[in-house]
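The file final.pdb comes next; it holds PDB, C-alpha atoms and all ligand atoms.
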MODEL        1
ATOM      1  CA  MET A   1      57.892 -83.582  18.158  1.00  0.00           C
ATOM      2  CA  VAL A   2      58.620 -83.573  21.870  1.00  0.00           C
ATOM      3  CA  VAL A   3      55.962 -82.081  24.133  1.00  0.00           C
ATOM      4  CA  VAL A   4      55.945 -81.783  27.910  1.00  0.00           C
ATOM      5  CA  MET A   5      52.589 -81.740  29.677  1.00  0.00           C
ATOM      6  CA  LEU A   6      52.355 -79.700  32.883  1.00  0.00           C
ATOM      7  CA  GLY A   7      49.418 -79.506  35.239  1.00  0.00           C
ATOM      8  CA  ALA A   8      48.547 -80.488  38.793  1.00  0.00           C
ATOM      9  CA  PRO A   9      47.328 -84.061  39.336  1.00  0.00           C
ATOM     10  CA  GLY A  10      43.711 -84.273  38.212  1.00  0.00           C
ATOM     11  CA  THR A  11      43.819 -81.574  35.534  1.00  0.00           C
ATOM     12  CA  GLY A  12      43.115 -84.255  32.919  1.00  0.00           C
ATOM     13  CA  LYS A  13      46.750 -84.469  31.882  1.00  0.00           C
ATOM     14  CA  GLY A  14      46.600 -88.243  31.327  1.00  0.00           C
ATOM     15  CA  THR A  15      43.453 -88.092  29.192  1.00  0.00           C
ATOM     16  CA  ILE A  16      44.602 -85.155  27.056  1.00  0.00           C
ATOM     17  CA  SER A  17      48.079 -86.677  26.603  1.00  0.00           C
ATOM     18  CA  LYS A  18      46.477 -89.881  25.312  1.00  0.00           C
ATOM     19  CA  LEU A  19      44.363 -87.904  22.812  1.00  0.00           C
ATOM     20  CA  MET A  20      47.496 -86.101  21.623  1.00  0.00           C
ATOM     21  CA  SER A  21      49.363 -89.381  21.356  1.00  0.00           C
ATOM     22  CA  GLU A  22      46.656 -90.816  19.061  1.00  0.00           C
ATOM     23  CA  TYR A  23      46.463 -87.619  17.001  1.00  0.00           C
ATOM     24  CA  TYR A  24      50.218 -87.267  16.411  1.00  0.00           C
ATOM     25  CA  GLU A  25      50.985 -91.036  16.510  1.00  0.00           C
ATOM     26  CA  ILE A  26      53.779 -90.653  19.028  1.00  0.00           C
ATOM     27  CA  PRO A  27      53.965 -92.427  22.410  1.00  0.00           C
ATOM     28  CA  HIS A  28      52.612 -90.993  25.614  1.00  0.00           C
ATOM     29  CA  ILE A  29      55.200 -91.500  28.336  1.00  0.00           C
ATOM     30  CA  ALA A  30      53.758 -91.003  31.810  1.00  0.00           C
ATOM     31  CA  THR A  31      56.392 -91.363  34.520  1.00  0.00           C
ATOM     32  CA  GLY A  32      53.707 -92.375  37.055  1.00  0.00           C
ATOM     33  CA  ASP A  33      52.636 -95.307  34.816  1.00  0.00           C
ATOM     34  CA  LEU A  34      56.255 -96.143  34.048  1.00  0.00           C
ATOM     35  CA  LEU A  35      57.030 -96.340  37.765  1.00  0.00           C
ATOM     36  CA  ARG A  36      53.874 -98.329  38.587  1.00  0.00           C
ATOM     37  CA  SER A  37      54.757-101.000  36.045  1.00  0.00           C
ATOM     38  CA  TYR A  38      58.400-100.976  37.233  1.00  0.00           C
ATOM     39  CA  VAL A  39      57.177-101.599  40.792  1.00  0.00           C
ATOM     40  CA  ASN A  40      54.725-104.306  39.634  1.00  0.00           C
ATOM     41  CA  ASP A  41      57.606-106.114  37.934  1.00  0.00           C
ATOM     42  CA  ASN A  42      59.529-106.102  41.261  1.00  0.00           C
ATOM     43  CA  LYS A  43      62.580-104.521  39.628  1.00  0.00           C
ATOM     44  CA  LYS A  44      65.638-103.067  41.433  1.00  0.00           C
ATOM     45  CA  ASP A  45      64.737-100.870  44.470  1.00  0.00           C
ATOM     46  CA  PHE A  46      60.999-101.362  43.826  1.00  0.00           C
ATOM     47  CA  GLN A  47      60.160-101.345  47.557  1.00  0.00           C
ATOM     48  CA  ILE A  48      61.709 -97.907  48.082  1.00  0.00           C
ATOM     49  CA  ILE A  49      60.028 -96.527  44.957  1.00  0.00           C
ATOM     50  CA  LYS A  50      56.681 -97.986  46.032  1.00  0.00           C
ATOM     51  CA  GLU A  51      56.905 -96.194  49.384  1.00  0.00           C
ATOM     52  CA  TYR A  52      57.557 -92.775  47.822  1.00  0.00           C
ATOM     53  CA  MET A  53      54.637 -93.296  45.475  1.00  0.00           C
ATOM     54  CA  ALA A  54      52.268 -94.467  48.199  1.00  0.00           C
ATOM     55  CA  ASN A  55      53.080 -91.275  50.134  1.00  0.00           C
ATOM     56  CA  GLY A  56      52.574 -89.119  47.034  1.00  0.00           C
ATOM     57  CA  GLU A  57      56.130 -87.800  47.412  1.00  0.00           C
ATOM     58  CA  LEU A  58      58.471 -86.997  44.557  1.00  0.00           C
ATOM     59  CA  LEU A  59      60.927 -89.788  43.926  1.00  0.00           C
ATOM     60  CA  PRO A  60      64.632 -88.803  44.183  1.00  0.00           C
ATOM     61  CA  ASP A  61      66.212 -88.378  40.735  1.00  0.00           C
ATOM     62  CA  ILE A  62      68.706 -91.223  41.205  1.00  0.00           C
ATOM     63  CA  TYR A  63      65.867 -93.750  40.953  1.00  0.00           C
ATOM     64  CA  LEU A  64      64.001 -92.084  38.108  1.00  0.00           C
ATOM     65  CA  ASN A  65      66.690 -90.892  35.658  1.00  0.00           C
ATOM     66  CA  GLU A  66      67.737 -94.322  34.411  1.00  0.00           C
ATOM     67  CA  ILE A  67      64.158 -95.635  34.145  1.00  0.00           C
ATOM     68  CA  LEU A  68      63.169 -92.589  32.071  1.00  0.00           C
ATOM     69  CA  GLU A  69      66.257 -92.617  29.853  1.00  0.00           C
ATOM     70  CA  ASP A  70      65.725 -96.326  29.076  1.00  0.00           C
ATOM     71  CA  ARG A  71      62.138 -95.620  28.062  1.00  0.00           C
ATOM     72  CA  ILE A  72      63.079 -92.691  25.808  1.00  0.00           C
ATOM     73  CA  ALA A  73      65.751 -94.875  24.154  1.00  0.00           C
ATOM     74  CA  LYS A  74      63.078 -97.230  22.782  1.00  0.00           C
ATOM     75  CA  ILE A  75      62.508 -97.238  19.011  1.00  0.00           C
ATOM     76  CA  ASP A  76      58.921 -95.940  19.179  1.00  0.00           C
ATOM     77  CA  THR A  77      60.129 -92.448  20.202  1.00  0.00           C
ATOM     78  CA  ILE A  78      61.819 -91.875  16.844  1.00  0.00           C
ATOM     79  CA  ASN A  79      59.260 -89.205  15.819  1.00  0.00           C
ATOM     80  CA  GLY A  80      59.004 -87.795  19.318  1.00  0.00           C
ATOM     81  CA  PHE A  81      56.898 -88.352  22.415  1.00  0.00           C
ATOM     82  CA  ILE A  82      54.580 -86.727  24.906  1.00  0.00           C
ATOM     83  CA  LEU A  83      55.964 -86.562  28.393  1.00  0.00           C
ATOM     84  CA  ASP A  84      53.460 -86.534  31.227  1.00  0.00           C
ATOM     85  CA  GLY A  85      54.606 -86.195  34.839  1.00  0.00           C
ATOM     86  CA  TYR A  86      58.181 -85.206  33.947  1.00  0.00           C
ATOM     87  CA  PRO A  87      59.894 -82.816  34.514  1.00  0.00           C
ATOM     88  CA  ARG A  88      58.504 -81.709  37.860  1.00  0.00           C
ATOM     89  CA  THR A  89      61.516 -79.647  38.924  1.00  0.00           C
ATOM     90  CA  ILE A  90      64.022 -77.391  37.160  1.00  0.00           C
ATOM     91  CA  LYS A  91      66.719 -79.987  37.819  1.00  0.00           C
ATOM     92  CA  GLN A  92      64.631 -82.555  35.952  1.00  0.00           C
ATOM     93  CA  ALA A  93      64.010 -80.038  33.124  1.00  0.00           C
ATOM     94  CA  LYS A  94      67.768 -79.686  32.696  1.00  0.00           C
ATOM     95  CA  ASN A  95      68.177 -83.461  32.761  1.00  0.00           C
ATOM     96  CA  LEU A  96      65.547 -83.761  30.022  1.00  0.00           C
ATOM     97  CA  GLU A  97      67.466 -81.235  27.896  1.00  0.00           C
ATOM     98  CA  ASN A  98      70.586 -83.410  28.279  1.00  0.00           C
ATOM     99  CA  ILE A  99      68.738 -86.580  27.309  1.00  0.00           C
ATOM    100  CA  LEU A 100      67.237 -84.838  24.239  1.00  0.00           C
ATOM    101  CA  ARG A 101      70.560 -83.337  23.197  1.00  0.00           C
ATOM    102  CA  LYS A 102      72.175 -86.798  23.256  1.00  0.00           C
ATOM    103  CA  ARG A 103      69.443 -88.026  20.893  1.00  0.00           C
ATOM    104  CA  ASN A 104      69.550 -84.972  18.586  1.00  0.00           C
ATOM    105  CA  MET A 105      66.060 -83.983  19.630  1.00  0.00           C
ATOM    106  CA  ARG A 106      64.644 -80.777  21.069  1.00  0.00           C
ATOM    107  CA  LEU A 107      61.721 -79.813  23.229  1.00  0.00           C
ATOM    108  CA  ASN A 108      59.068 -78.223  20.993  1.00  0.00           C
ATOM    109  CA  ALA A 109      56.515 -77.049  23.524  1.00  0.00           C
ATOM    110  CA  VAL A 110      55.227 -77.224  27.064  1.00  0.00           C
ATOM    111  CA  ILE A 111      51.474 -77.416  27.545  1.00  0.00           C
ATOM    112  CA  ASN A 112      50.324 -76.105  30.910  1.00  0.00           C
ATOM    113  CA  LEU A 113      46.873 -77.382  31.877  1.00  0.00           C
ATOM    114  CA  ASP A 114      45.076 -75.231  34.412  1.00  0.00           C
ATOM    115  CA  THR A 115      42.018 -76.318  36.456  1.00  0.00           C
ATOM    116  CA  PRO A 116      40.488 -74.778  39.648  1.00  0.00           C
ATOM    117  CA  ASP A 117      41.527 -76.753  42.789  1.00  0.00           C
ATOM    118  CA  GLU A 118      37.929 -77.557  43.883  1.00  0.00           C
ATOM    119  CA  GLU A 119      37.261 -79.154  40.533  1.00  0.00           C
ATOM    120  CA  ILE A 120      40.514 -81.160  40.719  1.00  0.00           C
ATOM    121  CA  ILE A 121      39.575 -82.605  44.130  1.00  0.00           C
ATOM    122  CA  GLU A 122      36.109 -83.640  42.952  1.00  0.00           C
ATOM    123  CA  ARG A 123      37.527 -85.162  39.793  1.00  0.00           C
ATOM    124  CA  ILE A 124      40.201 -87.236  41.559  1.00  0.00           C
ATOM    125  CA  LEU A 125      37.811 -88.546  44.194  1.00  0.00           C
ATOM    126  CA  ASN A 126      35.686 -89.932  41.336  1.00  0.00           C
ATOM    127  CA  ARG A 127      38.605 -91.370  39.369  1.00  0.00           C
ATOM    128  CA  VAL A 128      39.161 -95.095  38.699  1.00  0.00           C
ATOM    129  CA  ILE A 129      41.856 -96.585  36.482  1.00  0.00           C
ATOM    130  CA  CYS A 130      42.512 -99.844  34.693  1.00  0.00           C
ATOM    131  CA  PRO A 131      45.800-101.278  36.002  1.00  0.00           C
ATOM    132  CA  ASN A 132      45.944-103.505  32.923  1.00  0.00           C
ATOM    133  CA  CYS A 133      45.858-100.959  30.038  1.00  0.00           C
ATOM    134  CA  GLY A 134      46.077 -97.601  31.843  1.00  0.00           C
ATOM    135  CA  SER A 135      42.614 -96.309  30.806  1.00  0.00           C
ATOM    136  CA  ILE A 136      41.149 -93.681  33.108  1.00  0.00           C
ATOM    137  CA  TYR A 137      37.458 -93.283  33.989  1.00  0.00           C
ATOM    138  CA  ASN A 138      35.482 -90.789  36.036  1.00  0.00           C
ATOM    139  CA  LEU A 139      32.544 -92.352  37.861  1.00  0.00           C
ATOM    140  CA  LYS A 140      30.568 -89.107  37.486  1.00  0.00           C
ATOM    141  CA  PHE A 141      31.571 -87.627  34.114  1.00  0.00           C
ATOM    142  CA  ALA A 142      32.941 -90.567  32.095  1.00  0.00           C
ATOM    143  CA  PRO A 143      31.935 -93.894  33.698  1.00  0.00           C
ATOM    144  CA  PRO A 144      32.723 -97.280  32.113  1.00  0.00           C
ATOM    145  CA  VAL A 145      29.878 -98.993  30.223  1.00  0.00           C
ATOM    146  CA  VAL A 146      29.934-101.956  32.625  1.00  0.00           C
ATOM    147  CA  GLU A 147      30.391-100.948  36.259  1.00  0.00           C
ATOM    148  CA  GLY A 148      33.839-101.876  37.619  1.00  0.00           C
ATOM    149  CA  HIS A 149      35.200-103.108  34.259  1.00  0.00           C
ATOM    150  CA  CYS A 150      37.406-101.465  31.642  1.00  0.00           C
ATOM    151  CA  ASP A 151      35.650-100.752  28.298  1.00  0.00           C
ATOM    152  CA  LYS A 152      38.839-101.446  26.359  1.00  0.00           C
ATOM    153  CA  CYS A 153      40.285-104.624  27.921  1.00  0.00           C
ATOM    154  CA  ASP A 154      37.683-105.709  30.513  1.00  0.00           C
ATOM    155  CA  GLY A 155      40.308-105.295  33.282  1.00  0.00           C
ATOM    156  CA  LYS A 156      39.005-104.801  36.833  1.00  0.00           C
ATOM    157  CA  LEU A 157      38.937-101.054  37.600  1.00  0.00           C
ATOM    158  CA  ILE A 158      40.592 -99.815  40.792  1.00  0.00           C
ATOM    159  CA  LYS A 159      40.988 -96.605  42.784  1.00  0.00           C
ATOM    160  CA  ARG A 160      44.631 -95.634  43.206  1.00  0.00           C
ATOM    161  CA  ASP A 161      45.894 -95.780  46.834  1.00  0.00           C
ATOM    162  CA  GLU A 162      46.920 -92.131  46.693  1.00  0.00           C
ATOM    163  CA  ASP A 163      43.505 -90.826  45.541  1.00  0.00           C
ATOM    164  CA  THR A 164      42.179 -89.775  48.962  1.00  0.00           C
ATOM    165  CA  GLU A 165      41.235 -86.168  49.818  1.00  0.00           C
ATOM    166  CA  GLU A 166      44.113 -85.752  52.290  1.00  0.00           C
ATOM    167  CA  LYS A 167      46.680 -87.062  49.841  1.00  0.00           C
ATOM    168  CA  ILE A 168      45.259 -84.960  46.997  1.00  0.00           C
ATOM    169  CA  GLN A 169      45.689 -81.793  49.111  1.00  0.00           C
ATOM    170  CA  ASP A 170      49.278 -82.878  49.805  1.00  0.00           C
ATOM    171  CA  ARG A 171      49.937 -83.447  46.135  1.00  0.00           C
ATOM    172  CA  LEU A 172      48.517 -80.045  45.182  1.00  0.00           C
ATOM    173  CA  ARG A 173      50.770 -78.434  47.786  1.00  0.00           C
ATOM    174  CA  ILE A 174      53.849 -80.343  46.551  1.00  0.00           C
ATOM    175  CA  TYR A 175      52.896 -79.388  43.005  1.00  0.00           C
ATOM    176  CA  ASP A 176      52.699 -75.703  43.932  1.00  0.00           C
ATOM    177  CA  GLU A 177      55.989 -75.698  45.814  1.00  0.00           C
ATOM    178  CA  GLU A 178      58.102 -77.760  43.481  1.00  0.00           C
ATOM    179  CA  THR A 179      56.653 -77.369  40.024  1.00  0.00           C
ATOM    180  CA  LYS A 180      55.469 -73.767  39.671  1.00  0.00           C
ATOM    181  CA  PRO A 181      59.076 -72.504  39.212  1.00  0.00           C
ATOM    182  CA  LEU A 182      59.139 -74.768  36.137  1.00  0.00           C
ATOM    183  CA  ILE A 183      56.369 -72.734  34.573  1.00  0.00           C
ATOM    184  CA  GLU A 184      58.455 -69.586  35.023  1.00  0.00           C
ATOM    185  CA  TYR A 185      61.480 -71.422  33.616  1.00  0.00           C
ATOM    186  CA  TYR A 186      59.637 -72.454  30.457  1.00  0.00           C
ATOM    187  CA  GLU A 187      57.899 -69.058  30.165  1.00  0.00           C
ATOM    188  CA  LYS A 188      61.335 -67.470  29.839  1.00  0.00           C
ATOM    189  CA  GLU A 189      62.076 -69.881  26.988  1.00  0.00           C
ATOM    190  CA  ASN A 190      58.801 -68.894  25.343  1.00  0.00           C
ATOM    191  CA  LYS A 191      57.746 -72.525  25.089  1.00  0.00           C
ATOM    192  CA  ILE A 192      54.686 -72.561  27.270  1.00  0.00           C
ATOM    193  CA  PHE A 193      51.017 -72.661  26.238  1.00  0.00           C
ATOM    194  CA  LYS A 194      48.455 -72.339  29.036  1.00  0.00           C
ATOM    195  CA  VAL A 195      45.054 -73.981  28.537  1.00  0.00           C
ATOM    196  CA  LEU A 196      42.119 -73.811  30.910  1.00  0.00           C
ATOM    197  CA  VAL A 197      40.553 -77.249  31.392  1.00  0.00           C
ATOM    198  CA  SER A 198      37.230 -77.114  33.176  1.00  0.00           C
ATOM    199  CA  SER A 199      33.844 -78.773  32.957  1.00  0.00           C
ATOM    200  CA  LYS A 200      32.497 -75.196  32.807  1.00  0.00           C
ATOM    201  CA  THR A 201      34.505 -74.313  29.693  1.00  0.00           C
ATOM    202  CA  LYS A 202      36.439 -76.954  27.745  1.00  0.00           C
ATOM    203  CA  MET A 203      37.506 -80.547  28.318  1.00  0.00           C
ATOM    204  CA  GLY A 204      38.902 -83.491  26.309  1.00  0.00           C
ATOM    205  CA  LYS A 205      38.674 -83.141  22.525  1.00  0.00           C
ATOM    206  CA  GLU A 206      37.960 -79.390  22.633  1.00  0.00           C
ATOM    207  CA  VAL A 207      41.159 -78.868  24.592  1.00  0.00           C
ATOM    208  CA  LEU A 208      43.001 -81.036  22.045  1.00  0.00           C
ATOM    209  CA  LYS A 209      41.810 -78.657  19.289  1.00  0.00           C
ATOM    210  CA  ASP A 210      43.355 -75.659  21.088  1.00  0.00           C
ATOM    211  CA  ILE A 211      46.601 -77.545  21.624  1.00  0.00           C
ATOM    212  CA  THR A 212      46.978 -78.723  18.021  1.00  0.00           C
ATOM    213  CA  TRP A 213      46.262 -75.174  16.844  1.00  0.00           C
ATOM    214  CA  TYR A 214      49.139 -73.934  19.028  1.00  0.00           C
ATOM    215  CA  LEU A 215      51.538 -76.744  18.082  1.00  0.00           C
ATOM    216  CA  GLU A 216      50.902 -76.329  14.367  1.00  0.00           C
ATOM    217  CA  GLY A 217      51.939 -72.689  14.629  1.00  0.00           C
ATOM    218  CA  LYS A 218      55.244 -73.669  16.316  1.00  0.00           C
TER     219      LYS A 218
HETATM  220  P1  LIG B 301      51.633 -89.497  38.842  1.00  0.00           P
HETATM  221  O1  LIG B 301      50.941 -90.701  38.265  1.00  0.00           O
HETATM  222  O2  LIG B 301      52.227 -88.606  37.782  1.00  0.00           O
HETATM  223  O3  LIG B 301      50.772 -88.757  39.824  1.00  0.00           O
HETATM  224  O4  LIG B 301      52.881 -90.074  39.662  1.00  0.00           O
HETATM  225  C1  LIG B 301      52.723 -90.954  40.734  1.00  0.00           C
HETATM  226  C2  LIG B 301      53.940 -90.914  41.632  1.00  0.00           C
HETATM  227  O5  LIG B 301      55.122 -91.310  40.916  1.00  0.00           O
HETATM  228  C3  LIG B 301      54.295 -89.536  42.191  1.00  0.00           C
HETATM  229  O6  LIG B 301      53.533 -89.232  43.341  1.00  0.00           O
HETATM  230  C4  LIG B 301      55.785 -89.713  42.509  1.00  0.00           C
HETATM  231  O7  LIG B 301      55.955 -90.478  43.698  1.00  0.00           O
HETATM  232  C5  LIG B 301      56.264 -90.550  41.348  1.00  0.00           C
HETATM  233  N1  LIG B 301      56.716 -89.701  40.218  1.00  0.00           N
HETATM  234  C6  LIG B 301      56.162 -89.631  38.967  1.00  0.00           C
HETATM  235  N2  LIG B 301      56.828 -88.751  38.205  1.00  0.00           N
HETATM  236  C7  LIG B 301      57.820 -88.237  38.974  1.00  0.00           C
HETATM  237  C8  LIG B 301      58.829 -87.256  38.762  1.00  0.00           C
HETATM  238  N3  LIG B 301      58.967 -86.606  37.592  1.00  0.00           N
HETATM  239  N4  LIG B 301      59.682 -87.000  39.783  1.00  0.00           N
HETATM  240  C9  LIG B 301      59.577 -87.623  40.956  1.00  0.00           C
HETATM  241  N5  LIG B 301      58.626 -88.538  41.240  1.00  0.00           N
HETATM  242  C10 LIG B 301      57.750 -88.848  40.264  1.00  0.00           C
ENDMDL
END

Please express the file's structure as structure tokens.
Ligand code: AMP
Amino acid sequence: MVVVMLGAPGTGKGTISKLMSEYYEIPHIATGDLLRSYVNDNKKDFQIIKEYMANGELLPDIYLNEILEDRIAKIDTINGFILDGYPRTIKQAKNLENILRKRNMRLNAVINLDTPDEEIIERILNRVICPNCGSIYNLKFAPPVVEGHCDKCDGKLIKRDEDTEEKIQDRLRIYDEETKPLIEYYEKENKIFKVLVSSKTKMGKEVLKDITWYLEGK
């Protein structure tokens, strides 16, 4: 099963994708994480990629296509995968279709997570991540047991450089401009399932329940 996760930064896309990955036993491929580890390993063009990421700007496709295709070619995707952070544009959606076609796979569904902007900003400002294992914490709603340390691997928790209010506003604007047409694109294909994620309604495992209900009917 191949599922694309859509949603502005801070909608809980990472957390919900991880829950889905455990439930369906297929890998969660987050292009942001993929790029961060690529940059950490000082691979080809890492300085240029790092700069785009630090500015919260979308990376040109020439840098990303090969990195993504190499990841999808790994053996663990044999039963599918959950894609988080890709595609962000219609051009990328078409590229994904090409990659899937080459591997005799198809896109089953697109999950569109929807959260009010004010809640997104508050959530991101309170977010810390473990650079070692990728776990995500929220200092207000889901803090680690030991302050500053990852519950899973004891890694030192950090705030991402791009998680400032100004940069979040920028990212929400970029998301609106560049990614909303994608929603229309996938709506036409009848592949999209919109889920409201909010601390006032549903979060985490309750959202997972709605998603599995939808996917099982597909
Ligand atoms: P994320 O962790 O998904 O917020 O991604 C962090 C950064 O990685 C983004 O701000 C972009 O610079 C880059 N990035 C991740 N996914 C993509 C994508 N599909 N297209 C272009 N740039 C991306």

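Comparing A:Ile48, A:Cys153, A:Leu59, A:Leu6 by their smallest distance to ligand LIG 301 (chain B), the closest is A:Leu59 (using all atoms listed in the file).
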
Which centre and edge lengths in Å to one decimal define the box along x, y and z that fits every listed atom of ligand LIG 301 (chain B) plus 3 Å per side, as AutoDock Vina command-line options?
--center_x 55.2 --center_y -89.0 --center_z 40.6 --size_x 14.9 --size_y 10.7 --size_z 12.1

Evaluate the PyMOL selection byres (((chain A and resi 55) around 10) and not hetatm) and record the selected residues as a list in words, following the chain and residue labels used in the document.
Lys50, Glu51, Tyr52, Met53, Ala54, Gly56, Glu57, Leu58, Asp161, Glu162, Lys167, Asp170 and Arg171 of chain A

Might you spell out which residues the PyMOL selection byres (((chain A and resi 118) around 12) and not hetatm) would select in the displayed file, as number ranges by chain?
A: 10-11, 115-117, 119-125, 165, 168-169, 172, 198-199

Expected selection from the PyMOL selection byres (((chain A and resi 139-143) around 7) and not hetatm), given as a list in words
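Expected selection for the PyMOL selection byres (((chain A and resi 139-143) around 7) and not hetatm) here is Asn126, Arg127, Tyr137, Asn138, Pro144 and Val145 of chain A.
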
Please list as a ChimeraX atom specification every residue within 7 Å of stretch 28-30 of chain A, counting only C-alpha atoms and excluding residues in the same chain fewer than 6 positions away.
/A:17-18,21,81-85

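Across the model, the gap from atom CA of A:Val195 to atom CA of A:Lys209 is 10.9 Å.
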
Find the residue from A:Val2, A:Ile26, A:Ile75, A:Leu34 that sits nearest to A:Ile99; use all atoms listed in the file when measuring.
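Selected residue with least distance to A:Ile99: A:Val2.
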
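Shortest atom-to-atom contact with A:Gln92 among A:Met5, A:Ile16, A:Leu157, A:Leu182: A:Leu182, counting all atoms listed in the file.
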
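Counting all atoms listed in the file and comparing A:Pro181, A:Ala109, A:Ile158, A:Asp151, the residue that lies closest to A:Gly217 is A:Ala109.
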
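Distance check against A:Asn132 using all atoms listed in the file: of A:Ile174, A:Cys150, A:Ile111, A:Leu19, the minimum falls on A:Cys150.
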
Among listed residues A:Glu97, A:Glu22, A:Asp114, A:Asp163, nearest ligand LIG 301 (chain B) (using only C-alpha atoms and all ligand atoms):
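Of all the options, A:Asp163 lies closest to ligand LIG 301 (chain B).
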
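Note that atom C9 of ligand LIG 301 (chain B) and atom CA of A:Val39 are 14.2 Å apart.
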
Atom CA of A:Tyr186 and atom CA of A:Leu68, how far apart in Å?
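Distance reported for this atom pair: 20.5 Å.
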
Within 12 Å of (62.9, -70.1, 28.0) in the file's own coordinates, which protein, DNA or RNA residues have an atom, counting all atoms listed in the file? List them as a PyMOL selection string.
chain A and resi 90+93-94+107-110+182-192

Shell around A:Ile78 at 10 Å using all atoms listed in the file, local window under 3 positions removed, as a ChimeraX atom specification
/A:1,26-27,72-75,81,103,105
